[in-house]
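> coords_13.cif (mmCIF, C-alpha atoms) pasted underneath:
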```cif
data_target
#
loop_
_atom_site.label_atom_id
_atom_site.label_comp_id
_atom_site.auth_asym_id
_atom_site.auth_seq_id
_atom_site.Cartn_x
_atom_site.Cartn_y
_atom_site.Cartn_z
CA MET Y 1 74.59 136.56 198.60
CA GLY Y 2 78.01 137.62 197.27
CA LEU Y 3 76.58 140.03 194.70
CA THR Y 4 77.63 143.61 194.09
CA GLY Y 5 75.04 146.35 194.43
CA ARG Y 6 74.66 146.56 190.65
CA GLN Y 7 74.32 142.78 190.30
CA GLN Y 8 71.67 142.65 193.02
CA GLU Y 9 69.80 145.52 191.38
CA LEU Y 10 69.77 143.71 188.04
CA LEU Y 11 68.67 140.42 189.59
CA ASP Y 12 65.87 142.17 191.47
CA GLY Y 13 64.72 143.68 188.19
CA TRP Y 14 64.84 140.38 186.34
CA LEU Y 15 63.27 138.32 189.13
CA PRO Y 16 61.48 140.57 191.63
CA SER Y 17 61.30 139.03 195.12
CA ALA Y 18 63.34 135.98 194.11
CA VAL Y 19 64.34 133.73 197.01
CA MET Y 20 67.76 132.08 197.20
CA VAL Y 21 67.49 128.29 197.43
CA ARG Y 22 71.16 127.27 197.52
CA ASP Y 23 74.65 128.68 197.10
CA HIS Y 24 76.61 126.48 194.65
CA SER Y 25 79.77 128.64 194.69
CA TRP Y 26 83.13 126.86 194.93
CA GLY Y 27 84.88 129.43 197.11
CA LEU Y 28 88.27 129.06 195.40
CA ILE Y 29 87.58 131.84 192.91
CA GLY Y 30 85.44 134.97 193.09
CA THR Y 31 82.45 133.62 191.19
CA SER Y 32 79.06 133.31 192.89
CA VAL Y 33 76.69 130.61 191.66
CA LEU Y 34 73.27 131.00 193.25
CA GLU Y 35 70.16 128.88 192.79
CA VAL Y 36 67.09 131.11 193.16
CA GLU Y 37 63.33 130.63 192.90
CA HIS Y 38 60.78 133.01 191.43
CA GLU Y 39 57.08 132.32 190.90
CA GLY Y 40 57.58 128.58 191.17
CA GLU Y 41 60.47 128.44 188.70
CA ARG Y 42 64.13 127.86 189.57
CA TYR Y 43 67.07 129.70 188.03
CA ILE Y 44 70.84 129.94 188.37
CA ALA Y 45 72.36 133.40 188.82
CA LYS Y 46 76.08 133.46 188.12
CA ALA Y 47 78.08 136.56 189.08
CA GLY Y 48 81.74 137.45 188.75
CA ASP Y 49 83.88 139.72 190.90
CA ASP Y 50 86.29 142.41 189.68
CA ALA Y 51 88.97 139.84 188.84
CA ASP Y 52 86.60 137.57 186.91
CA HIS Y 53 87.29 136.83 183.26
CA HIS Y 54 84.97 133.83 182.89
CA LEU Y 55 81.51 135.39 182.75
CA ALA Y 56 82.08 137.05 179.39
CA ARG Y 57 83.10 133.70 177.90
CA GLU Y 58 80.11 131.99 179.46
CA ILE Y 59 77.73 134.59 178.02
CA ARG Y 60 79.43 134.27 174.63
CA ALA Y 61 78.96 130.50 174.74
CA HIS Y 62 75.27 130.86 175.54
CA ARG Y 63 74.78 133.31 172.68
CA ASN Y 64 76.79 131.49 170.04
CA TRP Y 65 77.44 127.81 170.72
CA LEU Y 66 75.07 126.08 173.11
CA ARG Y 67 72.16 125.38 170.77
CA PRO Y 68 73.27 121.77 170.00
CA TRP Y 69 72.81 121.11 173.70
CA THR Y 70 69.93 123.40 174.66
CA VAL Y 71 67.63 122.02 171.93
CA ARG Y 72 67.88 118.58 173.53
CA GLY Y 73 67.72 119.80 177.12
CA SER Y 74 71.38 118.98 177.74
CA ALA Y 75 72.33 122.51 178.84
CA SER Y 76 70.51 125.38 180.50
CA GLU Y 77 69.02 128.24 178.52
CA MET Y 78 70.09 131.84 179.09
CA VAL Y 79 67.35 134.15 180.37
CA HIS Y 80 69.24 137.42 180.94
CA ALA Y 81 72.85 138.58 180.85
CA ASP Y 82 74.80 141.76 181.50
CA GLU Y 83 78.47 141.56 180.52
CA ASP Y 84 79.42 144.88 182.13
CA ALA Y 85 77.93 143.82 185.46
CA LYS Y 86 79.29 140.27 185.06
CA LEU Y 87 75.92 138.69 185.73
CA LEU Y 88 74.23 135.78 183.97
CA LEU Y 89 70.81 134.28 184.63
CA THR Y 90 69.89 130.85 183.26
CA ARG Y 91 67.10 128.37 183.81
CA PHE Y 92 67.82 125.73 186.42
CA LEU Y 93 69.02 122.43 184.98
CA PRO Y 94 67.92 119.42 187.05
CA GLY Y 95 70.32 116.68 188.02
CA GLU Y 96 73.11 115.83 190.44
CA LEU Y 97 76.80 116.38 189.84
CA VAL Y 98 78.43 113.31 188.34
CA GLU Y 99 81.66 113.85 190.28
CA GLY Y 100 81.76 111.87 193.49
CA THR Y 101 78.89 109.56 192.58
CA PRO Y 102 78.88 106.04 191.06
CA TYR Y 103 78.06 107.70 187.71
CA GLU Y 104 81.62 109.06 187.64
CA TRP Y 105 82.84 105.52 186.97
CA ALA Y 106 79.99 104.29 184.76
CA LEU Y 107 80.84 103.51 181.12
CA ASP Y 108 77.52 104.89 179.88
CA THR Y 109 78.28 108.29 181.43
CA TYR Y 110 81.36 108.57 179.24
CA ARG Y 111 79.62 107.29 176.15
CA GLN Y 112 76.99 110.02 176.59
CA ALA Y 113 79.67 112.62 177.36
CA GLY Y 114 81.45 111.68 174.14
CA GLU Y 115 78.25 112.03 172.12
CA LEU Y 116 77.49 115.41 173.67
CA LEU Y 117 80.99 116.71 173.00
CA ALA Y 118 80.97 115.51 169.39
CA ALA Y 119 77.73 117.41 168.72
CA PHE Y 120 79.26 120.54 170.24
CA HIS Y 121 82.50 120.27 168.29
CA ARG Y 122 80.82 119.52 164.96
CA GLN Y 123 78.90 122.78 164.70
CA SER Y 124 81.79 124.81 163.24
CA ALA Y 125 85.51 124.69 162.46
CA VAL Y 126 87.93 127.46 161.56
CA PRO Y 127 91.62 127.29 160.54
CA ASP Y 128 94.13 129.19 162.65
CA ASP Y 129 97.80 129.55 161.74
CA THR Y 130 98.77 131.25 165.01
CA TYR Y 131 97.08 129.08 167.67
CA GLU Y 132 100.16 127.03 168.51
CA SER Y 133 102.46 130.05 168.82
CA ARG Y 134 99.89 131.86 170.99
CA GLU Y 135 99.57 128.86 173.26
CA ASN Y 136 103.35 128.58 173.56
CA GLU Y 137 103.61 132.23 174.53
CA ARG Y 138 100.77 131.86 177.03
CA THR Y 139 102.40 128.84 178.67
CA LEU Y 140 105.77 130.56 178.88
CA ALA Y 141 104.05 133.51 180.55
CA ILE Y 142 102.43 131.12 183.05
CA LEU Y 143 105.89 129.79 183.93
CA ASP Y 144 106.90 133.35 184.85
CA ARG Y 145 104.27 133.42 187.62
CA PRO Y 146 104.95 132.18 191.17
CA HIS Y 147 105.06 128.38 191.35
CA ARG Y 148 106.85 125.49 193.02
CA ILE Y 149 108.21 123.83 189.91
CA ALA Y 150 111.93 123.16 190.47
CA PRO Y 151 114.09 125.81 188.73
CA GLU Y 152 115.99 123.29 186.61
CA LEU Y 153 112.73 121.67 185.54
CA ALA Y 154 111.21 125.05 184.71
CA ASP Y 155 114.24 125.77 182.52
CA LEU Y 156 113.76 122.42 180.76
CA LEU Y 157 110.08 123.18 180.21
CA ARG Y 158 110.88 126.58 178.69
CA ALA Y 159 113.47 125.06 176.35
CA THR Y 160 111.05 122.31 175.33
CA ILE Y 161 108.26 124.77 174.54
CA GLU Y 162 110.56 127.12 172.64
CA ALA Y 163 111.66 124.22 170.43
CA TRP Y 164 108.14 123.13 169.51
CA PRO Y 165 106.88 123.51 165.92
CA THR Y 166 103.90 125.77 165.33
CA PRO Y 167 101.79 124.05 162.65
CA PRO Y 168 98.34 125.32 161.60
CA ALA Y 169 95.45 124.23 163.79
CA THR Y 170 91.71 123.74 163.30
CA LEU Y 171 89.61 125.34 166.03
CA VAL Y 172 86.11 124.32 167.11
CA PRO Y 173 83.87 125.46 169.97
CA THR Y 174 85.20 123.75 173.11
CA HIS Y 175 83.91 123.55 176.67
CA GLY Y 176 87.34 124.02 178.19
CA ASP Y 177 86.69 122.11 181.44
CA TRP Y 178 85.19 118.86 180.20
CA GLN Y 179 85.09 116.54 183.19
CA PRO Y 180 82.58 115.04 185.68
CA ARG Y 181 82.48 118.10 187.93
CA ASN Y 182 80.75 119.90 185.05
CA TRP Y 183 78.36 117.10 184.15
CA LEU Y 184 74.98 116.49 185.73
CA VAL Y 185 73.05 113.25 185.60
CA ASP Y 186 69.26 113.14 185.80
CA ASN Y 187 67.57 109.74 185.64
CA GLY Y 188 70.62 108.39 183.83
CA THR Y 189 70.83 111.26 181.32
CA VAL Y 190 74.04 113.33 181.25
CA ARG Y 191 73.80 117.13 181.00
CA VAL Y 192 76.35 119.93 180.91
CA ILE Y 193 77.06 122.99 183.07
CA ASP Y 194 79.68 125.75 183.46
CA PHE Y 195 80.85 127.42 180.27
CA GLY Y 196 83.29 129.90 181.79
CA ARG Y 197 86.21 128.42 179.86
CA ALA Y 198 84.39 127.96 176.55
CA ASP Y 199 86.42 129.13 173.57
CA LEU Y 200 87.61 128.17 170.11
CA ARG Y 201 90.38 125.57 170.42
CA PRO Y 202 91.41 122.27 168.80
CA ALA Y 203 88.91 119.52 169.62
CA TYR Y 204 91.46 117.35 171.43
CA THR Y 205 91.96 119.96 174.14
CA ASP Y 206 88.62 118.96 175.66
CA LEU Y 207 90.11 115.56 176.51
CA VAL Y 208 93.16 116.71 178.51
CA ARG Y 209 91.48 116.86 181.92
CA LEU Y 210 89.81 113.48 181.54
CA ALA Y 211 93.13 111.96 180.42
CA ALA Y 212 94.86 113.34 183.52
CA GLN Y 213 92.20 112.05 185.91
CA GLN Y 214 89.41 109.57 185.20
CA PHE Y 215 90.89 107.90 182.10
CA ARG Y 216 94.06 106.95 183.99
CA THR Y 217 92.10 105.66 187.00
CA GLN Y 218 89.73 103.32 185.16
CA PRO Y 219 90.96 102.32 181.69
CA GLY Y 220 87.53 101.32 180.34
CA LEU Y 221 86.24 104.89 180.47
CA GLU Y 222 88.41 106.18 177.64
CA PRO Y 223 87.24 103.70 174.96
CA ALA Y 224 83.63 104.28 176.06
CA PHE Y 225 84.12 108.02 175.60
CA ILE Y 226 85.78 107.63 172.18
CA ALA Y 227 82.97 105.29 171.08
CA GLY Y 228 80.46 107.98 171.97
CA TYR Y 229 82.52 110.69 170.30
CA GLY Y 230 82.83 108.64 167.12
CA SER Y 231 86.59 108.91 166.54
CA ASP Y 232 89.73 109.92 168.39
CA PRO Y 233 90.59 113.60 167.69
CA ARG Y 234 94.10 113.33 169.15
CA GLU Y 235 97.14 113.59 166.87
CA PRO Y 236 100.15 112.40 168.91
CA ALA Y 237 102.49 115.40 168.65
CA ALA Y 238 99.77 118.02 169.17
CA TRP Y 239 98.31 115.94 172.00
CA GLN Y 240 101.66 115.79 173.81
CA ARG Y 241 101.99 119.58 173.57
CA ALA Y 242 98.46 120.03 174.90
CA GLN Y 243 99.11 117.71 177.84
CA LEU Y 244 102.27 119.54 178.88
CA ARG Y 245 100.59 122.94 178.60
CA GLU Y 246 97.72 121.69 180.75
CA ALA Y 247 100.14 120.22 183.28
CA ILE Y 248 102.01 123.50 183.68
CA SER Y 249 98.81 125.51 183.94
CA THR Y 250 97.48 123.12 186.58
CA ALA Y 251 100.57 123.26 188.77
CA VAL Y 252 100.86 127.05 188.61
CA TRP Y 253 97.15 127.89 189.00
CA ALA Y 254 96.68 125.46 191.89
CA HIS Y 255 99.65 127.01 193.68
CA GLN Y 256 98.18 130.48 193.20
CA VAL Y 257 94.83 129.51 194.76
CA GLY Y 258 96.33 127.34 197.49
CA ASP Y 259 94.92 123.99 196.32
CA GLU Y 260 97.82 121.73 197.30
CA SER Y 261 96.34 118.41 196.17
CA PHE Y 262 95.55 119.82 192.73
CA GLU Y 263 99.02 121.35 192.62
CA GLN Y 264 100.52 117.92 193.24
CA GLN Y 265 98.39 116.57 190.40
CA GLY Y 266 99.90 119.26 188.17
CA HIS Y 267 103.44 118.20 189.11
CA ARG Y 268 102.55 114.58 188.39
CA MET Y 269 101.07 115.62 185.03
CA ILE Y 270 104.28 117.45 184.13
CA ALA Y 271 106.40 114.38 184.90
CA GLU Y 272 104.12 112.10 182.88
CA ALA Y 273 103.92 114.48 179.91
CA LEU Y 274 107.71 114.74 179.71
CA LEU Y 275 108.02 110.95 179.51
CA LYS Y 276 105.86 110.75 176.37
#
```
Please render this file's structure as structure tokens.

Amino acid sequence: MGLTGRQQELLDGWLPSAVMVRDHSWGLIGTSVLEVEHEGERYIAKAGDDADHHLAREIRAHRNWLRPWTVRGSASEMVHADEDAKLLLTRFLPGELVEGTPYEWALDTYRQAGELLAAFHRQSAVPDDTYESRENERTLAILDRPHRIAPELADLLRATIEAWPTPPATLVPTHGDWQPRNWLVDNGTVRVIDFGRADLRPAYTDLVRLAAQQFRTQPGLEPAFIAGYGSDPREPAAWQRAQLREAISTAVWAHQVGDESFEQQGHRMIAEALLK
């Protein structure tokens, strides 16, 4: 099942004699996502390997930020968690993944996704004077990792980032990977999964992956999303910085995991962000 001995021991204690129904793991990273059944109820057991740094964030999100969604049945409820063992157990959330279905291109999907995200973002806001400088340092560190960005372009990216201003930012709870692969639809209702990248960030950062993918493919989706959200959280200069950071991260991470098509998307994102 892809679990360590300690993780299996914990799961056996939480759900004695549970039966695995389906393995939902991606395979690109060392996270196991297992659908299990116990006494007629279904659950999701999520386990990280030694290199995992997502489970702690997912557990934190469940403990601190998911109530705006769980109270309306839009996200799963946590049942058990062990941060040291990197194991999380939640109730199964019904629905099919939006990605790859007609719902991925339906305007109402994006209206609902905008409404859900607005409720999540509205629950708290904190000022942060160091967010921009931290993000610049993080992105520069990413550029020091192995990648296939041309050397002269990498030098230009470093110079661009080093010249950026570092104004104060307002941080809210963010999902961190807000896109159709983390949305479910059940009888037309959109729900949310996967909180391994949840963290406090500016609200507009939750739009960068949609802008790089679905919004550019079908223009009507973006206004539907903004209508659901209620307003556009993107300030042009901060948005351009966020897009370039995301582009660099995409190109480098995809190269590291061997996802060539996603790596090419990252290179395209870099080129487009530099033109803005």
> Considering only C-alpha atoms, return as JSON, numbers by chain whatever protein or nucleic-acid residues lie within 10 Å of Gly48 of chain Y, sequence-local ones (same chain, fewer than 4 positions apart) excluded.
{"Y": [2, 3, 4, 7, 29, 30, 31, 32, 33, 52, 53, 54, 55, 56, 83, 85, 86, 87, 88]}
> Counting only C-alpha atoms, figure out which residue out of Y:His80, Y:Arg6, Y:Arg148, Y:Arg60 gets nearest to Glu263 of chain Y.
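Of Y:His80, Y:Arg6, Y:Arg148, Y:Arg60, the one nearest Glu263 of chain Y is Y:Arg148, counting only C-alpha atoms.
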> I'd like the residues picked by the PyMOL selection byres ((chain Y and resi 180) around 8) written out as number ranges by chain, using the chain letters and numbers from the file.
Y: 97-99, 104, 178-179, 181-184
> Please write the residues picked by the PyMOL selection byres ((chain Y and resi 15-19) around 10) on this file as a list in words.
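Residues picked by the PyMOL selection byres ((chain Y and resi 15-19) around 10): Glu9, Leu10, Leu11, Asp12, Gly13, Trp14, Met20, Val21, Arg22, Glu35, Val36, Glu37, His38, Glu39, Gly40, Glu41, Arg42, Tyr43 and Leu89 of chain Y.
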> Please write as a PyMOL selection string the full residue list that the PyMOL selection byres ((chain Y and resi 143) around 9) yields on this file.
chain Y and resi 138-142+144-147+149+154+157-158+248-249+252
> Of the candidates Y:Phe215, Y:Tyr110, Y:Phe120, Y:Tyr103, which shows the shortest atom-to-atom distance to Pro68 of chain Y, using only C-alpha atoms?
Y:Phe120
> Between Y:Ala242, Y:Gly95, Y:Glu235, Y:Ser74, which has the minimum distance to Asn136 of chain Y (counting all atoms listed in the file)?
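Checking each candidate against Asn136 of chain Y, we get Y:Ala242 as the closest.
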> Pick out the residues sitting within 7 Å of segment 206-211 of chain Y, and hand them over as a VMD selection string; count only C-alpha atoms, and ignore anything fewer than 6 positions along from it in its own chain.
chain Y and resid 174 to 179 243
> Pick the closest to Ala47 of chain Y from Y:Met78, Y:Arg122, Y:Ala273, Y:Gln8: which is it, counting only C-alpha atoms?
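So, comparing all the options, the nearest one is Y:Gln8.
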> Between Y:Ile270, Y:Ala198, Y:Val257, Y:Leu116, which residue has the minimum interatomic distance to Ile226 of chain Y, considering all atoms listed in the file?
Y:Leu116
> In Å, rounded to a single decimal, give me how far atom CA of Phe225 of chain Y is from atom CA of Leu117 of chain Y.
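Going from atom CA of Leu117 of chain Y over to atom CA of Phe225 of chain Y covers 9.6 Å.
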> Figure out the distance between atom CA of Ala237 of chain Y and atom CA of Ala159 of chain Y, please, to one decimal in Å.
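Atom CA of Ala237 of chain Y lies 16.5 Å from atom CA of Ala159 of chain Y.
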> Of the residues Y:Gly100, Y:Glu58, Y:Leu156, Y:Ala45, which is the one nearest to Ala271 of chain Y, using all atoms listed in the file?
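Result for the nearest residue to Ala271 of chain Y: Y:Leu156.
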> Suppose you want the space between atom CA of Arg191 of chain Y and atom CA of Ala75 of chain Y; what is it in Å?
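If I compute the distance from atom CA of Arg191 of chain Y to atom CA of Ala75 of chain Y, I get 6.0 Å.
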> Within 12 Å of Gln240 of chain Y, counting all atoms listed in the file, which residues show up once you throw out same-chain ones fewer than 6 positions away? Write them as JSON, numbers by chain, please.
{"Y": [160, 161, 164, 204, 205, 207, 208, 211, 234, 246, 247, 269, 270, 272, 273, 274, 275, 276]}
